[in-house]
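Structure data follow from run_3.tsv (TSV, C-alpha atoms):
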chain	number	residue	atom	x	y	z
R	155	MET	CA	113.54	-37.11	-26.14
R	156	ASN	CA	116.38	-39.47	-26.99
R	157	THR	CA	120.02	-38.92	-26.05
R	158	GLU	CA	121.09	-37.59	-29.45
R	159	THR	CA	118.26	-35.06	-29.43
R	160	THR	CA	119.08	-33.97	-25.88
R	161	VAL	CA	122.75	-33.46	-26.76
R	162	ALA	CA	121.79	-31.53	-29.88
R	163	VAL	CA	119.48	-29.24	-27.90
R	164	MET	CA	122.19	-28.60	-25.28
R	165	GLU	CA	124.76	-27.82	-27.97
R	166	ALA	CA	122.32	-25.44	-29.66
R	167	GLN	CA	121.64	-23.69	-26.33
R	168	ASP	CA	125.38	-23.39	-25.64
R	169	LEU	CA	125.96	-21.95	-29.11
R	170	GLU	CA	123.12	-19.47	-28.61
R	171	LEU	CA	124.64	-18.37	-25.28
R	172	VAL	CA	128.05	-17.90	-26.87
R	173	GLU	CA	126.60	-15.86	-29.73
R	174	ARG	CA	124.55	-13.72	-27.31
R	175	GLU	CA	127.59	-13.15	-25.08
R	176	GLU	CA	129.70	-12.09	-28.06
R	177	ALA	CA	126.97	-9.72	-29.26
R	178	LEU	CA	126.56	-8.14	-25.82
R	179	SER	CA	130.30	-7.83	-25.40
R	180	GLN	CA	130.58	-6.04	-28.72
R	181	GLU	CA	127.66	-3.74	-27.85
R	182	VAL	CA	129.08	-2.65	-24.49
R	183	THR	CA	132.53	-2.15	-26.04
R	184	ASP	CA	131.02	0.10	-28.70
R	185	ILE	CA	129.09	2.00	-26.04
R	186	GLU	CA	132.31	2.66	-24.12
R	187	PHE	CA	133.88	4.23	-27.20
R	188	GLN	CA	130.69	6.21	-27.85
R	189	ALA	CA	130.77	7.58	-24.31
R	190	GLY	CA	134.33	8.79	-24.85
R	191	ALA	CA	133.24	10.69	-27.95
R	192	ILE	CA	130.37	12.58	-26.32
R	193	THR	CA	130.78	16.32	-25.89
R	194	ILE	CA	128.26	18.70	-24.37
R	195	ASP	CA	128.12	22.26	-25.64
R	196	THR	CA	124.36	22.92	-25.67
R	197	GLU	CA	121.22	22.06	-23.82
R	198	ASP	CA	120.30	19.63	-26.60
R	199	ASP	CA	123.70	17.94	-26.22
R	200	TYR	CA	123.01	17.58	-22.50
R	201	LYS	CA	119.61	15.96	-23.21
R	202	GLU	CA	121.20	13.55	-25.68
R	203	ALA	CA	123.81	12.63	-23.07
R	204	ALA	CA	121.00	11.93	-20.62
R	205	GLN	CA	119.34	9.64	-23.17
R	206	PHE	CA	122.68	7.89	-23.63
R	207	GLY	CA	122.88	7.46	-19.84
R	208	ARG	CA	119.49	5.79	-19.84
R	209	LEU	CA	120.76	3.47	-22.59
R	210	LEU	CA	123.71	2.60	-20.34
R	211	LYS	CA	121.33	1.59	-17.56
R	212	GLN	CA	119.30	-0.51	-19.97
R	213	ARG	CA	122.39	-2.29	-21.30
R	214	THR	CA	123.64	-2.84	-17.73
R	215	SER	CA	120.36	-4.55	-16.88
R	216	GLU	CA	120.57	-6.67	-20.03
R	217	VAL	CA	124.10	-7.81	-19.12
R	218	LYS	CA	123.05	-8.69	-15.58
R	219	GLU	CA	119.99	-10.56	-16.84
R	220	PHE	CA	122.17	-12.47	-19.30
R	221	TRP	CA	124.57	-13.66	-16.58
R	222	LYS	CA	121.95	-14.20	-13.86
R	223	PRO	CA	120.77	-17.73	-14.88
R	224	ILE	CA	124.35	-18.75	-15.67
R	225	LYS	CA	125.54	-17.58	-12.23
R	226	GLU	CA	122.58	-19.30	-10.54
R	227	ALA	CA	123.34	-22.54	-12.37
R	228	ALA	CA	127.02	-22.27	-11.46
R	229	HIS	CA	126.15	-21.54	-7.82
R	230	LYS	CA	123.82	-24.53	-7.71
R	231	ALA	CA	126.45	-26.75	-9.31
R	232	HIS	CA	129.07	-25.49	-6.84
R	233	ALA	CA	126.75	-26.17	-3.90
R	234	GLU	CA	126.05	-29.69	-5.16
R	235	ILE	CA	129.76	-30.38	-5.68
R	236	CYS	CA	130.57	-29.07	-2.18
R	237	ALA	CA	127.85	-31.26	-0.70
R	238	ARG	CA	129.18	-34.35	-2.48
R	239	GLU	CA	132.74	-33.49	-1.42
R	240	LYS	CA	131.59	-33.06	2.19
R	241	ALA	CA	129.79	-36.41	2.10
R	242	MET	CA	132.94	-38.09	0.79
R	243	LEU	CA	135.19	-36.37	3.35
R	244	GLN	CA	132.94	-37.10	6.35
R	245	PRO	CA	134.05	-40.74	6.84
R	246	LEU	CA	137.69	-39.60	6.71
R	247	SER	CA	136.97	-36.86	9.24
R	248	ASN	CA	135.22	-39.36	11.51
R	249	ALA	CA	138.10	-41.82	11.14
R	250	GLU	CA	140.66	-39.12	11.99
R	251	LYS	CA	138.69	-38.09	15.08
R	252	ILE	CA	138.46	-41.71	16.26
R	253	LEU	CA	142.17	-42.31	15.61
R	254	LYS	CA	143.21	-39.13	17.41
R	255	GLN	CA	141.09	-40.09	20.43
R	256	THR	CA	142.67	-43.56	20.49
R	257	MET	CA	146.20	-42.18	20.22
R	258	SER	CA	145.47	-39.50	22.81
R	259	SER	CA	144.18	-42.16	25.20
R	260	TYR	CA	147.41	-44.13	24.71
R	261	ILE	CA	149.51	-41.05	25.48
R	262	ALA	CA	147.38	-40.34	28.57
R	263	GLU	CA	147.86	-43.94	29.73
R	264	GLN	CA	151.64	-43.67	29.32
R	265	GLU	CA	151.57	-40.46	31.34
R	266	ARG	CA	149.53	-42.20	34.05
R	267	ILE	CA	152.09	-45.02	34.18
R	268	ARG	CA	154.92	-42.48	34.39
R	269	ARG	CA	153.25	-40.64	37.25
R	270	GLU	CA	152.65	-43.89	39.09
R	271	ALA	CA	156.33	-44.80	38.68
R	272	GLU	CA	157.29	-41.35	39.90
R	273	GLU	CA	155.05	-41.66	42.94
R	274	ALA	CA	156.42	-45.16	43.67
R	275	ALA	CA	159.97	-43.80	43.49
R	276	ARG	CA	159.02	-40.93	45.78
R	277	ARG	CA	157.45	-43.30	48.30
R	278	ALA	CA	160.51	-45.58	48.13
R	279	ALA	CA	162.82	-42.62	48.80
R	280	GLN	CA	160.65	-41.52	51.71
R	281	ALA	CA	160.56	-45.06	53.11
R	282	GLU	CA	164.35	-45.26	52.89
R	283	ALA	CA	164.60	-41.88	54.65
R	284	ASP	CA	162.35	-43.15	57.44
R	285	ARG	CA	164.37	-46.37	57.69
R	286	LYS	CA	167.64	-44.46	57.96
R	287	LEU	CA	166.14	-42.21	60.63
R	288	GLN	CA	165.09	-45.24	62.67
R	289	GLU	CA	168.55	-46.70	62.16
R	290	ALA	CA	170.06	-43.45	63.45
R	291	ILE	CA	167.86	-43.58	66.55
R	292	ALA	CA	168.94	-47.17	67.20
R	293	LEU	CA	172.60	-46.33	66.72
R	294	GLU	CA	172.34	-43.36	69.01
R	295	ALA	CA	170.77	-45.58	71.67
R	296	GLN	CA	173.77	-47.89	71.30
R	297	GLY	CA	176.11	-44.99	71.87
R	298	LYS	CA	177.35	-45.02	68.28
R	299	SER	CA	177.06	-41.28	67.74
R	300	ASP	CA	179.23	-41.05	64.61
R	301	ALA	CA	177.31	-43.82	62.87
R	302	ALA	CA	174.05	-42.25	64.04
R	303	ASP	CA	175.06	-38.87	62.57
R	304	ALA	CA	175.93	-40.53	59.26
R	305	ALA	CA	172.58	-42.28	59.20
R	306	VAL	CA	170.80	-38.98	59.90
R	307	GLU	CA	172.64	-37.35	56.99
R	308	GLU	CA	171.61	-40.19	54.71
R	309	ALA	CA	168.03	-39.86	55.97
R	310	GLU	CA	168.05	-36.15	55.15
R	311	ILE	CA	169.41	-36.82	51.66
R	312	MET	CA	166.72	-39.44	50.98
R	313	ASP	CA	164.05	-37.09	52.37
R	314	GLN	CA	165.17	-34.36	49.97
R	315	MET	CA	165.19	-36.85	47.10
R	316	SER	CA	161.60	-37.84	47.90
R	317	ASN	CA	160.57	-34.25	47.24
R	318	VAL	CA	162.35	-33.87	43.91
R	319	VAL	CA	162.30	-37.40	42.47
R	320	SER	CA	160.98	-37.55	38.92
R	321	VAL	CA	160.66	-40.03	36.09
R	322	ALA	CA	161.44	-38.59	32.66
R	323	ALA	CA	158.47	-38.37	30.32
R	324	GLU	CA	158.96	-40.12	26.99
R	325	LYS	CA	156.19	-39.25	24.55
R	326	PRO	CA	155.43	-41.82	21.86
R	327	LYS	CA	156.98	-40.71	18.57
R	328	ALA	CA	155.93	-41.48	15.01
R	329	GLU	CA	156.71	-39.91	11.67
R	330	GLY	CA	154.11	-37.39	10.55
R	331	VAL	CA	152.57	-37.00	14.01
R	332	SER	CA	152.91	-34.14	16.46
R	333	THR	CA	151.38	-33.83	19.90
R	334	LYS	CA	150.96	-31.05	22.41
R	335	LYS	CA	149.47	-30.75	25.84
R	336	ASP	CA	145.90	-29.49	25.98
R	337	TRP	CA	142.89	-29.65	28.27
R	338	GLU	CA	139.31	-30.75	27.88
R	339	ILE	CA	136.34	-29.52	29.89
R	340	GLU	CA	134.37	-32.44	31.27
R	341	SER	CA	131.53	-30.57	32.96
R	342	ILE	CA	130.45	-27.13	34.13
R	343	ASP	CA	128.10	-26.35	37.01
R	344	SER	CA	127.08	-22.79	36.15
R	345	SER	CA	125.63	-22.21	39.61
R	346	LYS	CA	129.11	-22.53	41.14
R	347	VAL	CA	131.15	-20.61	38.58
R	348	PRO	CA	132.21	-17.16	39.87
R	349	VAL	CA	131.83	-13.99	37.82
R	350	LEU	CA	135.56	-13.27	37.67
R	351	VAL	CA	138.57	-15.62	37.73
R	352	ALA	CA	142.07	-14.13	37.51
R	353	GLY	CA	140.54	-10.91	36.22
R	354	VAL	CA	138.66	-12.66	33.42
R	355	GLU	CA	134.88	-12.34	33.32
R	356	ILE	CA	133.34	-15.72	32.52
R	357	ARG	CA	129.69	-15.25	33.45
R	358	PRO	CA	127.36	-15.98	31.87
R	359	VAL	CA	129.57	-19.04	31.55
R	360	ASP	CA	131.65	-18.72	28.39
R	361	ARG	CA	133.31	-22.05	27.56
R	362	SER	CA	135.76	-20.29	25.23
R	363	ALA	CA	136.82	-17.90	28.00
R	364	VAL	CA	137.14	-20.82	30.41
R	365	MET	CA	139.36	-22.73	27.94
R	366	ARG	CA	141.55	-19.65	27.36
R	367	LEU	CA	142.00	-19.34	31.11
R	368	ILE	CA	142.87	-23.02	31.50
R	369	ARG	CA	145.42	-22.86	28.68
R	370	ALA	CA	146.91	-19.58	29.89
R	371	THR	CA	147.60	-21.12	33.31
R	372	LYS	CA	148.76	-24.43	31.79
R	373	GLY	CA	146.05	-26.31	33.65
R	374	GLN	CA	146.85	-24.83	37.06
R	375	VAL	CA	143.76	-22.68	37.55
R	376	HIS	CA	140.96	-23.81	39.87
R	377	ILE	CA	137.52	-22.65	38.80
R	378	PRO	CA	134.65	-23.57	41.12
R	379	GLY	CA	132.05	-25.56	39.22
R	380	VAL	CA	134.38	-26.46	36.33
R	381	VAL	CA	135.84	-29.94	35.92
R	382	TYR	CA	138.53	-30.37	33.29
R	383	LYS	CA	141.32	-32.78	32.46
R	384	GLU	CA	144.62	-32.76	30.65
R	385	VAL	CA	144.63	-34.39	27.22
R	386	ALA	CA	147.13	-34.88	24.41
R	387	LYS	CA	146.21	-33.09	21.21
R	388	VAL	CA	147.26	-35.11	18.16
R	389	ALA	CA	147.90	-33.67	14.69
R	390	PHE	CA	148.92	-35.42	11.46
R	391	ARG	CA	151.16	-34.16	8.66
R	392	LYS	CA	151.18	-35.36	5.09
Would you encode the structure as structure tokens?
Amino acid sequence: MNTETTVAVMEAQDLELVEREEALSQEVTDIEFQAGAITIDTEDDYKEAAQFGRLLKQRTSEVKEFWKPIKEAAHKAHAEICAREKAMLQPLSNAEKILKQTMSSYIAEQERIRREAEEAARRAAQAEADRKLQEAIALEAQGKSDAADAAVEEAEIMDQMSNVVSVAAEKPKAEGVSTKKDWEIESIDSSKVPVLVAGVEIRPVDRSAVMRLIRATKGQVHIPGVVYKEVAKVAFRK
């Protein structure tokens, strides 16, 4: 069958469907008006109404049969379109996942650097406190009590600073990107996980329940058998 013949056949089928739909539509509309005109005063009227009811069922079946192949074809076409859309979107989804992981790793690295700087500052403050304390001891041995007391005060100040020293966190910023703190489970040893943690039943081990618990405690909960880490969750905006 050549192209022109195929097109002609399809057009003829479409026209036939349209004509059949119009005919059915007219029939069911007429039936609705007929139903409104029915009155029952006798037994014979009742029997005629019953026959009309059977006609309704027959017409209902005809309507359903008419639309059935059209619905099936539409469903099949929809499924095929969705499958093609999914196949086209998959590379983009994979790319987004890879990019988010890369950006999250960068944020995690910046946080590691910040924590190292914070720890270095804390150690420096503690070292200065220790140095001042040794200086105070030496001054006291020399009989310089006032200077020794001043050195002790400085040592105490530096010791306090070592406990509260912090380096401000500066998250990377970019237009159209938002980040928030999240956590990621690395492994679970079910044999070590308790039945209840903070009043939450998580056995048999429910990863969703474990994640809810981790998020609720902002990563502070300790669950035997569960290893998790803090991650940065990245989201894009159009």
Centre and edge lengths, as AutoDock Vina command-line options, for the axis-aligned box enclosing every listed atom of stretch 218-221 of chain R with 4 Å of padding on each of the six sides, in Å to one decimal?
--center_x 122.3 --center_y -11.2 --center_z -17.4 --size_x 12.6 --size_y 13.0 --size_z 11.7
Residues near R:Val388, anyone? I mean within 12 Å using all atoms listed in the file, not counting same-chain ones fewer than 3 positions away, as a VMD selection string.
chain R and resid 250 to 262 325 to 328 330 to 336 385 391
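Taking atom CA of R:Gln180 as the reference point, atom CA of R:His229 is found at 26.4 Å.
With all atoms listed in the file as the atoms that count, the residue of R:Gln374, R:Thr214, R:Gly379, R:Ala363 with the shortest distance to R:Lys346 is R:Gly379.
What separates atom CA of R:Ile342 from atom CA of R:Arg361 is a distance of 8.8 Å.
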Any idea what's packed within 12 Å of R:Ile356, counting all atoms listed in the file, ignoring anything in its chain fewer than 3 positions away? Could you give it as a PyMOL selection string?
chain R and resi 342+344+346-353+359-367+377-380
Output C-alpha atoms for every residue in that selection, as a CSV table (one decimal), keeping the file's coordinate frame.
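Below is the file that was written, result28.csv:
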chain,number,residue,atom,x,y,z
R,342,ILE,CA,130.4,-27.1,34.1
R,344,SER,CA,127.1,-22.8,36.2
R,346,LYS,CA,129.1,-22.5,41.1
R,347,VAL,CA,131.2,-20.6,38.6
R,348,PRO,CA,132.2,-17.2,39.9
R,349,VAL,CA,131.8,-14.0,37.8
R,350,LEU,CA,135.6,-13.3,37.7
R,351,VAL,CA,138.6,-15.6,37.7
R,352,ALA,CA,142.1,-14.1,37.5
R,353,GLY,CA,140.5,-10.9,36.2
R,359,VAL,CA,129.6,-19.0,31.6
R,360,ASP,CA,131.6,-18.7,28.4
R,361,ARG,CA,133.3,-22.0,27.6
R,362,SER,CA,135.8,-20.3,25.2
R,363,ALA,CA,136.8,-17.9,28.0
R,364,VAL,CA,137.1,-20.8,30.4
R,365,MET,CA,139.4,-22.7,27.9
R,366,ARG,CA,141.6,-19.6,27.4
R,367,LEU,CA,142.0,-19.3,31.1
R,377,ILE,CA,137.5,-22.6,38.8
R,378,PRO,CA,134.6,-23.6,41.1
R,379,GLY,CA,132.0,-25.6,39.2
R,380,VAL,CA,134.4,-26.5,36.3
Best match for closeness to R:Ser215 among R:Leu178, R:Arg277, R:Ile194, R:Asp343, counting all atoms listed in the file:
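Going through R:Leu178, R:Arg277, R:Ile194, R:Asp343 one by one, the smallest distance to R:Ser215 is for R:Leu178.
Minimum atom-to-atom distances from R:Val182, R:Ala301, R:Ile267, R:Ala309 to R:Glu324 were compared using only C-alpha atoms, and the lowest value belongs to R:Ile267.
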Interatomic distance between atom CA of R:Ala231 and atom CA of R:Leu243?
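That distance, rounded to one decimal, is 18.1 Å.
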Report as number ranges by chain all protein, DNA and RNA residues lying within 9 Å of R:Asp313, evaluated on all atoms listed in the file, omitting residues in the same chain fewer than 2 positions from it.
R: 279-284, 308-311, 315-317
Create the file for the chosen residues now, containing C-alpha atoms and written as a tab-separated table (two decimals), in the coordinates of the input.
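Saved as part_30.tsv:
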chain	number	residue	atom	x	y	z
R	279	ALA	CA	162.82	-42.62	48.80
R	280	GLN	CA	160.65	-41.52	51.71
R	281	ALA	CA	160.56	-45.06	53.11
R	282	GLU	CA	164.35	-45.26	52.89
R	283	ALA	CA	164.60	-41.88	54.65
R	284	ASP	CA	162.35	-43.15	57.44
R	308	GLU	CA	171.61	-40.19	54.71
R	309	ALA	CA	168.03	-39.86	55.97
R	310	GLU	CA	168.05	-36.15	55.15
R	311	ILE	CA	169.41	-36.82	51.66
R	315	MET	CA	165.19	-36.85	47.10
R	316	SER	CA	161.60	-37.84	47.90
R	317	ASN	CA	160.57	-34.25	47.24
